[in-house]
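K.L.:
Sharing protein.txt below, compact mmCIF, C-alpha atoms:
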# COMPACT_ATOMS: atom_id res chain seq x y z
CA MET Z 5 22.57 -47.17 -37.42
CA THR Z 6 25.23 -44.63 -36.52
CA ALA Z 7 28.36 -45.61 -34.61
CA LEU Z 8 29.04 -44.87 -30.97
CA PRO Z 9 31.54 -42.03 -30.50
CA SER Z 10 35.07 -43.02 -29.56
CA PHE Z 11 34.73 -41.73 -25.99
CA ALA Z 12 31.83 -44.14 -25.28
CA ALA Z 13 34.40 -46.63 -23.97
CA ASP Z 14 35.46 -44.08 -21.33
CA ILE Z 15 31.83 -43.68 -20.29
CA ALA Z 16 31.34 -47.46 -20.07
CA ALA Z 17 34.45 -47.68 -17.87
CA LEU Z 18 33.11 -45.00 -15.53
CA LEU Z 19 29.71 -46.72 -15.30
CA ALA Z 20 31.47 -49.93 -14.27
CA GLU Z 21 33.56 -48.07 -11.69
CA ARG Z 22 30.34 -46.63 -10.25
CA GLU Z 23 28.85 -50.16 -10.02
CA ALA Z 24 26.32 -49.45 -12.76
CA GLY Z 25 27.29 -51.83 -15.52
CA VAL Z 26 25.64 -51.36 -18.91
CA VAL Z 27 22.30 -53.16 -19.37
CA ASP Z 28 20.55 -54.05 -22.62
CA VAL Z 29 17.16 -52.43 -23.16
CA ALA Z 30 14.84 -53.24 -26.08
CA VAL Z 31 14.55 -50.58 -28.78
CA LEU Z 32 10.86 -51.28 -29.38
CA GLN Z 33 8.76 -50.37 -26.34
CA PRO Z 34 5.07 -50.27 -25.38
CA ALA Z 35 3.94 -46.71 -26.06
CA ASN Z 36 1.39 -46.26 -23.29
CA PRO Z 37 3.86 -45.72 -20.40
CA PHE Z 38 5.42 -42.84 -22.33
CA LEU Z 39 2.06 -41.44 -23.39
CA ASP Z 40 0.78 -41.61 -19.82
CA MET Z 41 3.82 -40.61 -17.75
CA ALA Z 42 6.57 -38.91 -19.73
CA GLY Z 43 5.12 -35.44 -20.22
CA GLU Z 44 3.60 -33.46 -23.07
CA ASP Z 45 6.94 -32.33 -24.50
CA LEU Z 46 8.15 -35.92 -25.01
CA ARG Z 47 4.76 -37.34 -26.02
CA ARG Z 48 4.57 -35.22 -29.13
CA ARG Z 49 8.10 -36.16 -30.24
CA ILE Z 50 8.04 -39.96 -30.08
CA PHE Z 51 7.75 -42.32 -33.08
CA LEU Z 52 4.71 -44.60 -32.86
CA THR Z 53 3.98 -47.88 -34.61
CA GLU Z 54 1.64 -50.85 -34.08
CA SER Z 55 2.20 -54.55 -33.48
CA GLU Z 56 0.42 -57.34 -35.35
CA THR Z 57 -1.96 -57.65 -32.41
CA GLY Z 58 -2.82 -53.94 -32.45
CA GLU Z 59 -0.66 -52.91 -29.49
CA THR Z 60 0.68 -49.37 -29.81
CA LEU Z 61 4.48 -49.42 -29.73
CA CYS Z 62 7.18 -46.79 -30.04
CA LEU Z 63 10.87 -46.54 -30.70
CA ARG Z 64 12.67 -46.04 -27.39
CA PRO Z 65 12.55 -42.25 -26.77
CA GLU Z 66 14.51 -42.39 -23.47
CA PHE Z 67 15.89 -44.97 -21.06
CA THR Z 68 14.38 -44.30 -17.63
CA ILE Z 69 10.98 -45.92 -18.22
CA PRO Z 70 12.39 -48.98 -20.09
CA VAL Z 71 15.04 -49.58 -17.42
CA CYS Z 72 12.42 -49.34 -14.67
CA ARG Z 73 10.05 -51.70 -16.55
CA ASP Z 74 12.84 -54.25 -16.99
CA HIS Z 75 13.74 -53.98 -13.31
CA ILE Z 76 10.14 -54.73 -12.31
CA ALA Z 77 9.89 -57.65 -14.76
CA SER Z 78 13.13 -59.18 -13.48
CA GLN Z 79 11.95 -58.95 -9.85
CA ALA Z 80 15.49 -57.89 -8.95
CA GLY Z 81 16.26 -56.78 -5.43
CA THR Z 82 17.14 -53.25 -4.41
CA PRO Z 83 19.08 -51.08 -4.02
CA ARG Z 84 20.37 -51.58 -7.55
CA ARG Z 85 22.11 -49.35 -10.09
CA TYR Z 86 21.74 -49.66 -13.86
CA GLY Z 87 23.95 -48.05 -16.48
CA TYR Z 88 23.16 -47.71 -20.16
CA ILE Z 89 24.62 -46.47 -23.43
CA GLY Z 90 22.49 -46.60 -26.57
CA GLU Z 91 20.34 -44.91 -29.15
CA VAL Z 92 17.10 -43.10 -28.47
CA PHE Z 93 14.61 -41.94 -31.06
CA ARG Z 94 12.64 -38.72 -30.80
CA GLN Z 95 12.18 -35.56 -32.78
CA ARG Z 96 14.39 -32.66 -31.75
CA ARG Z 97 14.57 -29.01 -32.69
CA ASP Z 98 18.37 -28.95 -32.71
CA GLY Z 99 19.63 -32.25 -34.09
CA PRO Z 100 18.85 -35.60 -35.71
CA SER Z 101 16.00 -37.70 -34.32
CA GLU Z 102 18.29 -40.71 -33.73
CA PHE Z 103 21.06 -40.08 -31.21
CA PHE Z 104 22.98 -41.67 -28.34
CA GLN Z 105 22.45 -41.23 -24.63
CA ALA Z 106 24.15 -42.73 -21.59
CA GLY Z 107 23.29 -42.60 -17.92
CA ILE Z 108 22.63 -44.26 -14.58
CA GLU Z 109 19.32 -45.17 -12.93
CA ASP Z 110 19.70 -45.63 -9.16
CA LEU Z 111 16.78 -47.64 -7.73
CA GLY Z 112 15.82 -48.48 -4.19
CA GLU Z 113 18.15 -46.32 -2.06
CA ARG Z 114 15.94 -45.12 0.80
CA ASP Z 115 18.22 -42.25 1.85
CA THR Z 116 17.13 -39.81 -0.84
CA ALA Z 117 19.64 -37.11 0.09
CA VAL Z 118 22.51 -39.58 -0.32
CA ALA Z 119 21.17 -40.98 -3.59
CA ASP Z 120 20.44 -37.52 -5.02
CA ALA Z 121 23.94 -36.29 -4.25
CA ARG Z 122 25.47 -39.46 -5.71
CA SER Z 123 23.48 -39.03 -8.94
CA VAL Z 124 24.71 -35.46 -9.42
CA ALA Z 125 28.27 -36.53 -8.51
CA ASP Z 126 28.15 -39.46 -10.97
CA ALA Z 127 26.94 -37.19 -13.76
CA TYR Z 128 29.61 -34.59 -12.98
CA ALA Z 129 32.33 -37.27 -12.90
CA LEU Z 130 31.17 -38.64 -16.25
CA LEU Z 131 31.46 -35.24 -17.89
CA MET Z 132 34.87 -34.63 -16.35
CA ARG Z 133 36.03 -38.00 -17.68
CA VAL Z 134 35.20 -37.09 -21.31
CA LEU Z 135 35.58 -33.29 -21.07
CA PRO Z 136 38.63 -32.81 -18.83
CA ASP Z 137 39.46 -29.20 -17.89
CA THR Z 138 36.09 -27.99 -19.22
CA PRO Z 139 34.35 -25.58 -16.79
CA LEU Z 140 30.95 -26.98 -15.86
CA ALA Z 141 27.88 -25.41 -14.27
CA VAL Z 142 25.17 -27.29 -12.37
CA THR Z 143 21.58 -26.08 -11.94
CA LEU Z 144 19.37 -27.67 -9.29
CA GLY Z 145 15.63 -27.46 -8.74
CA ASP Z 146 13.44 -29.23 -6.21
CA GLN Z 147 9.84 -30.18 -6.98
CA THR Z 148 9.27 -31.34 -3.39
CA LEU Z 149 10.12 -27.87 -2.07
CA PHE Z 150 7.83 -26.26 -4.63
CA GLU Z 151 4.96 -28.55 -3.62
CA ALA Z 152 5.69 -27.86 0.07
CA VAL Z 153 5.30 -24.13 -0.60
CA LEU Z 154 2.00 -24.74 -2.43
CA ALA Z 155 0.70 -26.81 0.49
CA ALA Z 156 1.88 -24.27 3.09
CA LEU Z 157 0.03 -21.53 1.19
CA GLY Z 158 -3.17 -23.54 1.56
CA LEU Z 159 -3.85 -24.06 -2.13
CA PRO Z 160 -6.57 -26.61 -2.92
CA ARG Z 161 -5.39 -30.01 -4.16
CA GLY Z 162 -6.49 -29.29 -7.73
CA TRP Z 163 -4.35 -26.18 -7.95
CA ARG Z 164 -1.41 -27.91 -6.30
CA MET Z 165 -1.62 -30.68 -8.92
CA ARG Z 166 -1.88 -28.24 -11.82
CA LEU Z 167 1.07 -26.14 -10.69
CA ALA Z 168 3.15 -29.25 -9.91
CA ARG Z 169 2.53 -30.55 -13.45
CA ALA Z 170 3.58 -27.18 -14.85
CA PHE Z 171 6.82 -27.07 -12.87
CA GLY Z 172 8.97 -28.35 -15.76
CA SER Z 173 8.02 -25.54 -18.14
CA ARG Z 174 8.39 -21.86 -17.30
CA GLU Z 175 5.86 -20.91 -20.00
CA VAL Z 176 3.20 -23.35 -18.76
CA LEU Z 177 3.87 -22.35 -15.15
CA GLU Z 178 3.48 -18.64 -15.99
CA ALA Z 179 0.17 -19.41 -17.74
CA ALA Z 180 -1.05 -21.36 -14.70
CA LEU Z 181 -0.06 -18.53 -12.37
CA ALA Z 182 -1.89 -16.04 -14.60
CA ASP Z 183 -5.04 -18.18 -14.32
CA LEU Z 184 -4.58 -18.40 -10.56
CA ALA Z 185 -4.40 -14.60 -10.33
CA ASP Z 186 -7.38 -14.09 -12.67
CA PRO Z 187 -9.42 -17.28 -13.22
CA PRO Z 188 -11.06 -17.57 -16.67
CA ARG Z 189 -14.84 -17.78 -17.00
CA ASN Z 190 -16.70 -21.11 -17.04
CA GLY Z 191 -18.29 -20.27 -20.37
CA ALA Z 192 -15.18 -21.47 -22.23
CA LEU Z 193 -16.58 -25.04 -22.23
CA PRO Z 194 -19.51 -26.21 -24.40
CA ALA Z 195 -22.74 -26.44 -22.40
CA PRO Z 196 -22.99 -30.28 -22.11
CA VAL Z 197 -19.33 -30.54 -21.11
CA ALA Z 198 -19.58 -27.66 -18.63
CA LEU Z 199 -22.58 -29.22 -16.88
CA LEU Z 200 -20.94 -32.63 -16.53
CA ALA Z 201 -17.67 -31.04 -15.38
CA LEU Z 202 -19.35 -28.87 -12.75
CA ASP Z 203 -21.24 -31.92 -11.48
CA GLY Z 204 -17.93 -33.79 -11.18
CA ASP Z 205 -19.38 -36.77 -13.08
CA THR Z 206 -16.14 -38.34 -14.33
CA GLU Z 207 -17.78 -41.47 -15.74
CA ALA Z 208 -20.44 -39.65 -17.76
CA LEU Z 209 -17.98 -37.03 -19.01
CA ALA Z 210 -15.47 -39.72 -20.05
CA ALA Z 211 -18.22 -41.48 -22.03
CA TYR Z 212 -19.15 -38.18 -23.70
CA VAL Z 213 -15.50 -37.53 -24.61
CA ALA Z 214 -15.03 -41.10 -25.91
CA GLU Z 215 -18.10 -40.75 -28.13
CA GLY Z 216 -16.78 -37.50 -29.55
CA MET Z 217 -13.36 -39.03 -30.22
CA GLU Z 218 -14.96 -41.99 -31.97
CA GLN Z 219 -17.09 -39.72 -34.15
CA ALA Z 220 -13.97 -37.73 -35.06
CA GLY Z 221 -12.05 -40.93 -35.90
CA LEU Z 222 -9.48 -40.39 -33.15
CA PRO Z 223 -8.02 -43.53 -31.53
CA ALA Z 224 -7.89 -43.63 -27.74
CA THR Z 225 -4.08 -43.96 -28.00
CA ALA Z 226 -3.74 -40.67 -29.86
CA GLY Z 227 -2.85 -38.95 -26.58
CA ARG Z 228 -4.68 -38.80 -23.25
CA THR Z 229 -7.49 -41.29 -22.63
CA PRO Z 230 -11.13 -40.13 -22.35
CA ALA Z 231 -10.93 -40.68 -18.57
CA ASP Z 232 -7.79 -38.51 -18.38
CA ILE Z 233 -9.47 -35.78 -20.42
CA ALA Z 234 -12.59 -35.95 -18.24
CA ARG Z 235 -10.57 -35.60 -15.04
CA ARG Z 236 -8.70 -32.62 -16.44
CA LEU Z 237 -11.94 -30.91 -17.56
CA ILE Z 238 -13.50 -31.42 -14.12
CA GLU Z 239 -10.37 -30.11 -12.48
CA LYS Z 240 -10.36 -27.01 -14.71
CA ALA Z 241 -14.03 -26.32 -13.98
CA GLN Z 242 -13.41 -26.53 -10.24
CA LEU Z 243 -10.24 -24.46 -10.40
CA ARG Z 244 -12.00 -21.55 -12.06
CA SER Z 245 -13.76 -20.77 -8.77
CA ILE Z 246 -10.47 -20.32 -6.84
CA ARG Z 247 -8.60 -17.03 -6.55
CA LEU Z 248 -5.40 -16.81 -4.48
CA SER Z 249 -5.08 -13.89 -2.08
CA GLY Z 250 -2.68 -11.12 -3.04
CA GLU Z 251 -0.42 -11.92 -0.08
CA ALA Z 252 -0.22 -15.62 -0.92
CA PHE Z 253 0.30 -14.92 -4.61
CA ALA Z 254 3.17 -12.54 -3.79
CA ALA Z 255 4.73 -15.22 -1.57
CA LEU Z 256 4.53 -17.80 -4.36
CA LYS Z 257 6.12 -15.41 -6.85
CA GLY Z 258 8.78 -14.56 -4.28
CA PHE Z 259 9.66 -18.22 -3.83
CA LEU Z 260 9.96 -18.77 -7.58
CA ALA Z 261 12.36 -15.80 -7.80
CA ILE Z 262 14.89 -17.40 -5.43
CA GLU Z 263 18.26 -18.14 -7.07
CA ALA Z 264 21.38 -18.75 -5.03
CA PRO Z 265 24.70 -20.64 -5.06
CA LEU Z 266 24.20 -23.95 -3.30
CA PRO Z 267 26.18 -22.96 -0.15
CA ASP Z 268 23.74 -20.02 0.35
CA ALA Z 269 20.53 -21.67 -0.85
CA ALA Z 270 19.29 -23.18 2.43
CA ALA Z 271 19.70 -19.83 4.21
CA SER Z 272 17.80 -18.09 1.38
CA LEU Z 273 14.97 -20.59 1.69
CA GLU Z 274 14.86 -20.25 5.47
CA ALA Z 275 14.68 -16.44 5.14
CA PHE Z 276 11.87 -16.73 2.59
CA ALA Z 277 9.89 -19.12 4.80
CA ALA Z 278 10.29 -16.86 7.85
CA ASP Z 279 9.22 -13.73 5.93
CA ALA Z 280 6.21 -15.50 4.41
CA GLY Z 281 5.25 -17.22 7.66
CA LEU Z 282 5.44 -20.68 6.07
CA LEU Z 283 6.64 -24.00 7.49
CA LEU Z 284 8.51 -26.07 4.89
CA GLY Z 285 9.43 -28.83 7.34
CA GLN Z 286 10.93 -32.03 5.98
CA ALA Z 287 11.30 -30.67 2.44
CA LEU Z 288 13.73 -28.00 3.63
CA GLU Z 289 15.57 -30.45 5.89
CA ASN Z 290 16.03 -32.86 2.95
CA PHE Z 291 17.32 -29.97 0.83
CA ARG Z 292 19.89 -29.12 3.52
CA ARG Z 293 21.00 -32.76 3.85
CA ARG Z 294 21.39 -33.10 0.07
CA ALA Z 295 23.55 -29.96 -0.06
CA GLU Z 296 25.79 -31.39 2.68
CA ALA Z 297 26.03 -34.71 0.84
CA LEU Z 298 27.00 -32.95 -2.39
CA ALA Z 299 29.78 -31.09 -0.61
CA GLY Z 300 30.94 -34.44 0.75
CA HIS Z 301 31.55 -35.68 -2.82
CA GLY Z 302 34.14 -32.96 -3.30
CA LEU Z 303 32.19 -31.15 -6.01
CA PRO Z 304 32.93 -27.45 -6.51
CA VAL Z 305 29.70 -26.38 -4.80
CA GLU Z 306 30.27 -22.73 -5.70
CA THR Z 307 29.50 -23.71 -9.32
CA ILE Z 308 26.19 -25.36 -8.31
CA ARG Z 309 23.22 -22.98 -8.47
CA TYR Z 310 19.79 -23.52 -6.94
CA ASP Z 311 16.93 -22.04 -8.96
CA ALA Z 312 13.54 -22.36 -7.24
CA ALA Z 313 11.69 -22.10 -10.59
CA PHE Z 314 13.85 -24.69 -12.37
CA GLY Z 315 12.18 -27.91 -13.47
CA ARG Z 316 12.49 -30.44 -16.27
CA PRO Z 317 9.65 -31.28 -18.70
CA LEU Z 318 8.98 -34.89 -17.66
CA ASP Z 319 5.86 -35.64 -15.65
CA TYR Z 320 7.41 -38.41 -13.56
CA TYR Z 321 9.85 -36.23 -11.59
CA THR Z 322 8.99 -35.86 -7.90
CA GLY Z 323 11.93 -34.21 -6.12
CA LEU Z 324 15.42 -33.18 -7.19
CA VAL Z 325 15.83 -32.08 -10.81
CA PHE Z 326 19.16 -31.00 -12.28
CA GLU Z 327 21.09 -30.14 -15.41
CA ILE Z 328 24.80 -29.81 -16.06
CA GLY Z 329 26.37 -27.96 -18.97
CA VAL Z 330 29.44 -26.04 -20.02
CA ALA Z 331 29.62 -22.84 -17.99
CA GLY Z 332 28.20 -19.97 -20.03
CA ALA Z 333 26.79 -22.24 -22.76
CA GLY Z 334 23.14 -22.74 -23.62
CA ARG Z 335 22.32 -26.42 -24.03
CA PRO Z 336 22.63 -28.87 -21.13
CA LEU Z 337 24.85 -31.92 -21.50
CA VAL Z 338 23.16 -33.80 -18.63
CA GLY Z 339 19.62 -33.85 -17.33
CA GLY Z 340 18.27 -35.84 -14.42
CA GLY Z 341 16.12 -36.04 -11.34
CA ARG Z 342 14.15 -38.07 -8.79
CA TYR Z 343 11.08 -40.15 -9.72
CA ASP Z 344 9.77 -41.87 -6.59
CA ARG Z 345 6.27 -42.64 -7.93
CA LEU Z 346 7.28 -43.96 -11.35
CA LEU Z 347 7.94 -47.62 -10.54
CA THR Z 348 4.64 -47.97 -8.69
CA LEU Z 349 2.82 -46.46 -11.68
CA LEU Z 350 4.64 -48.96 -13.92
CA GLY Z 351 3.39 -51.88 -11.83
CA ALA Z 352 5.84 -52.42 -8.97
CA ARG Z 353 4.11 -54.07 -6.02
CA THR Z 354 5.98 -52.00 -3.46
CA SER Z 355 7.23 -48.43 -3.52
CA ILE Z 356 10.73 -48.17 -5.03
CA PRO Z 357 12.43 -44.75 -4.92
CA GLY Z 358 14.50 -43.80 -7.94
CA VAL Z 359 16.83 -41.11 -9.22
CA GLY Z 360 18.90 -40.93 -12.39
CA PHE Z 361 20.38 -38.90 -15.21
CA SER Z 362 21.03 -39.00 -18.95
CA VAL Z 363 23.85 -37.45 -20.98
CA TRP Z 364 23.62 -36.40 -24.62
CA LEU Z 365 26.63 -37.91 -26.40
CA ASP Z 366 26.27 -35.80 -29.54
CA ARG Z 367 26.41 -32.62 -27.46
CA ILE Z 368 29.52 -33.88 -25.69
CA ALA Z 369 31.09 -34.64 -29.09
CA ALA Z 370 30.33 -31.09 -30.24
CA VAL Z 371 32.07 -29.64 -27.17
CA ARG Z 372 35.09 -31.92 -27.71
CA GLU Z 373 35.29 -30.73 -31.31
CA GLY Z 374 35.05 -27.09 -30.26
CA LYS Z 375 31.70 -26.45 -31.93
Mind converting the file's structure to structure tokens?

P.N.:
Amino acid sequence: MTALPSFAADIAALLAEREAGVVDVAVLQPANPFLDMAGEDLRRRIFLTESETGETLCLRPEFTIPVCRDHIASQAGTPRRYGYIGEVFRQRRDGPSEFFQAGIEDLGERDTAVADARSVADAYALLMRVLPDTPLAVTLGDQTLFEAVLAALGLPRGWRMRLARAFGSREVLEAALADLADPPRNGALPAPVALLALDGDTEALAAYVAEGMEQAGLPATAGRTPADIARRLIEKAQLRSIRLSGEAFAALKGFLAIEAPLPDAAASLEAFAADAGLLLGQALENFRRRAEALAGHGLPVETIRYDAAFGRPLDYYTGLVFEIGVAGAGRPLVGGGRYDRLLTLLGARTSIPGVGFSVWLDRIAAVREGK
């Protein structure tokens, strides 16, 4: 086990000041919540193992899901804030697979604009505590606004779901948009699968998929379940019959091209909506309220940029997404966002809104060392 960097004590002090004292989270976690909810990018990077009873486990690849699971198990009241500092384990392209993260998970605050702004402000304050005098840049995205545009354009539910899932990856989103502009032919699926998919028979298709997986020696925990695969195949078959009008497609591309400093972003969105003849309603009002709340924290809002196409590759995000890094540098030091459906999916009996962020301590150390 590697040692915490020396500045971890400064981070722990800030977490305490922000009323998010450090909690202890088990290193060994059930794998299924990550396989089901964390997103394709994380799923293929986690380290899996198996318990004596055959349960699929994994080394903790991030903190949000474990913190939320522990909150549900403890039956703690809300609102409640949890801080953490510890190791996570996942394969990376640019560093060791065992590294430290810290962060705050903010659960149960019903005023989402206030909680969103506080999360960004907490993350910014943390970086300023350990990287004083370092110029920082903040990038914001908003999945709720994106989904509001999709709904206002009249896209069918299946397409809205596919594009919403793709929001965290520019490459996947571009591929989805290409399919929307020019749907592929149905003949891509084998005949038995195509017939079941076109009939919308989820149960029969899931059984067919399960049989194929068993014959191939693939465990059901290798990735998506047969039922998940069946639903996706049915969705794809139905989506192939939809083609977006040229006007609506141009409006969607126009929205995704919006980039503006935060003080100008609401006006840019209002102008887009007026030109496209779309009503964005509560999503735009929440965006405006969040921007006002951020300014109220004293952040240098001129360094905060809204990018309509910006997302983060975790499936559980539902609203705000953000990253903070050194101005002009490539890799983010902080990533975070809102995840209002996650706790219900993890078993909470009532809806619990949530927002949080994580910081990469090894990346902070590299900046401190001038690398």

K.L.:
Any idea what the distance is between atom CA of Glu21 of chain Z and atom CA of Val325 of chain Z?

P.N.:
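Computed distance, atom CA of Glu21 of chain Z to atom CA of Val325 of chain Z, equals 23.9 Å.
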
K.L.:
Counting all atoms listed in the file, what is within 8 Å of segment 57-70 of chain Z, bar same-chain residues fewer than 5 positions away, as a list in words?

P.N.:
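Using all atoms listed in the file, the neighbours found are Val29, Ala30, Val31, Leu32, Gln33, Pro34, Ala35, Asn36, Pro37, Phe38, Leu46, Ile50, Phe51, Leu52, Tyr88, Glu91, Val92, Phe93, Arg94, Glu109, Thr225 and Gly360 of chain Z.
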
K.L.:
Considering all atoms listed in the file, can you say which of Z:Asp319, Z:Glu373, Z:Asp110, Z:Glu215 comes closest to Arg166 of chain Z?

P.N.:
Z:Asp319

K.L.:
Which residues come within 8 Å of Val134 of chain Z, counting only C-alpha atoms, excluding same-chain residues fewer than 5 positions away, as a PyMOL selection string?

P.N.:
chain Z and resi 11+14-15+368

K.L.:
Tell me which protein, DNA and RNA residues are within 12 Å of segment 296-308 of chain Z, counting only C-alpha atoms, leaving out same-chain ones fewer than 2 positions away, and put them as JSON, numbers by chain.

P.N.:
{"Z": [115, 116, 117, 118, 119, 120, 121, 122, 123, 124, 125, 126, 127, 128, 129, 132, 139, 140, 141, 142, 143, 144, 145, 263, 264, 265, 266, 267, 268, 269, 270, 289, 290, 291, 292, 293, 294, 310, 311, 326, 327, 328, 329, 330, 331, 332]}

K.L.:
Figure out the distance between atom CA of Leu324 of chain Z and atom CA of Leu157 of chain Z, please, to one decimal in Å.

P.N.:
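Result for atom CA of Leu157 of chain Z versus atom CA of Leu324 of chain Z: 21.0 Å, one decimal.
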
K.L.:
Quick one: distance from atom CA of Asp232 of chain Z to atom CA of Tyr321 of chain Z in Å, one decimal?

P.N.:
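These atoms are spaced 19.0 Å apart.
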
K.L.:
Restricting the calculation to all atoms listed in the file: of Z:Gly334, Z:Ala152, Z:Glu56, Z:Pro83, which residue gets closest to Leu283 of chain Z?

P.N.:
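So, comparing all the options, the nearest one is Z:Ala152.
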
K.L.:
Go through Z:Glu44, Z:Asp186, Z:Glu23, Z:Glu175 one by one, measure the shortest atom-to-atom distance of each to Phe253 of chain Z using only C-alpha atoms, and give the residue with the smallest value.

P.N.:
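Smallest distance to Phe253 of chain Z is found for Z:Asp186.
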
K.L.:
Determine, counting only C-alpha atoms, which protein, DNA and RNA residues have an atom within 10 Å of an atom of Ala352 of chain Z; residues of the same chain fewer than 4 positions away are not included. Present the result as a list of chain:residue names.

P.N.:
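These residues fall inside the cut-off: Z:Cys72, Z:Arg73, Z:His75, Z:Ile76, Z:Ala77, Z:Gln79, Z:Arg345, Z:Leu346, Z:Leu347, Z:Thr348, Z:Ile356.
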
K.L.:
Hey, which of Z:Gly285, Z:Gly87, Z:Gly351, Z:Pro160 ends up closest to Ala17 of chain Z? Count all atoms listed in the file.

P.N.:
Z:Gly87

K.L.:
Give me the residues within 10 Å of Pro230 of chain Z as a ChimeraX atom specification, counting only C-alpha atoms and dropping any in the same chain fewer than 4 places off.

P.N.:
/Z:206-207,209-217,224-225,234-236

K.L.:
With distances taken over only C-alpha atoms, which residue among Z:Pro336, Z:Gly162, Z:Ala295, Z:Phe314 lies nearest Val363 of chain Z?

P.N.:
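Closest candidate: Z:Pro336.
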
K.L.:
Given only C-alpha atoms as the basis, pick out the residue of Z:Asp344, Z:Gly81, Z:Arg353, Z:Val27 nearest to Arg114 of chain Z.

P.N.:
Z:Asp344

K.L.:
Might I get the box with edges along x, y and z of the file that holds all atoms of segment 102-105 of chain Z listed there, padded by 4 Å on every side, given as centre and edge lengths in Å to one decimal, as lines of an AutoDock Vina configuration file?

P.N.:
center_x = 20.6
center_y = -40.9
center_z = -29.2
size_x = 12.7
size_y = 9.6
size_z = 17.1

K.L.:
Output as a short mmCIF file (atom, residue, chain, number, x, y, z; two decimals), in the frame of the given file: segment 279-291 of chain Z, completed with N, CA, C and O atoms.

P.N.:
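Writing the result to out-v8.cif gives the following:
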data_model
loop_
_atom_site.label_atom_id
_atom_site.label_comp_id
_atom_site.auth_asym_id
_atom_site.auth_seq_id
_atom_site.Cartn_x
_atom_site.Cartn_y
_atom_site.Cartn_z
N ASP Z 279 9.91 -14.95 6.37
CA ASP Z 279 9.22 -13.73 5.93
C ASP Z 279 7.78 -14.01 5.53
O ASP Z 279 6.89 -13.19 5.77
N ALA Z 280 7.55 -15.17 4.88
CA ALA Z 280 6.21 -15.50 4.41
C ALA Z 280 5.37 -16.19 5.47
O ALA Z 280 4.17 -16.41 5.26
N GLY Z 281 5.98 -16.53 6.61
CA GLY Z 281 5.25 -17.22 7.66
C GLY Z 281 4.86 -18.63 7.29
O GLY Z 281 3.79 -19.11 7.68
N LEU Z 282 5.73 -19.33 6.55
CA LEU Z 282 5.44 -20.68 6.07
C LEU Z 282 6.36 -21.69 6.75
O LEU Z 282 7.52 -21.39 7.05
N LEU Z 283 5.84 -22.90 6.97
CA LEU Z 283 6.64 -24.00 7.49
C LEU Z 283 6.89 -24.99 6.36
O LEU Z 283 5.95 -25.57 5.81
N LEU Z 284 8.16 -25.17 5.99
CA LEU Z 284 8.51 -26.07 4.89
C LEU Z 284 9.02 -27.41 5.40
O LEU Z 284 9.27 -28.32 4.59
N GLY Z 285 9.22 -27.55 6.69
CA GLY Z 285 9.43 -28.83 7.34
C GLY Z 285 10.46 -29.74 6.70
O GLY Z 285 11.61 -29.35 6.45
N GLN Z 286 10.03 -30.98 6.44
CA GLN Z 286 10.93 -32.03 5.98
C GLN Z 286 11.52 -31.70 4.61
O GLN Z 286 12.65 -32.09 4.32
N ALA Z 287 10.78 -31.00 3.77
CA ALA Z 287 11.30 -30.67 2.44
C ALA Z 287 12.56 -29.81 2.55
O ALA Z 287 13.54 -30.03 1.82
N LEU Z 288 12.55 -28.86 3.45
CA LEU Z 288 13.73 -28.00 3.63
C LEU Z 288 14.86 -28.76 4.30
O LEU Z 288 16.04 -28.60 3.94
N GLU Z 289 14.54 -29.65 5.24
CA GLU Z 289 15.57 -30.45 5.89
C GLU Z 289 16.24 -31.38 4.87
O GLU Z 289 17.47 -31.54 4.88
N ASN Z 290 15.46 -32.00 3.99
CA ASN Z 290 16.03 -32.86 2.95
C ASN Z 290 16.91 -32.05 2.01
O ASN Z 290 17.95 -32.55 1.54
N PHE Z 291 16.51 -30.84 1.70
CA PHE Z 291 17.32 -29.97 0.83
C PHE Z 291 18.68 -29.71 1.50
O PHE Z 291 19.72 -29.81 0.85
#
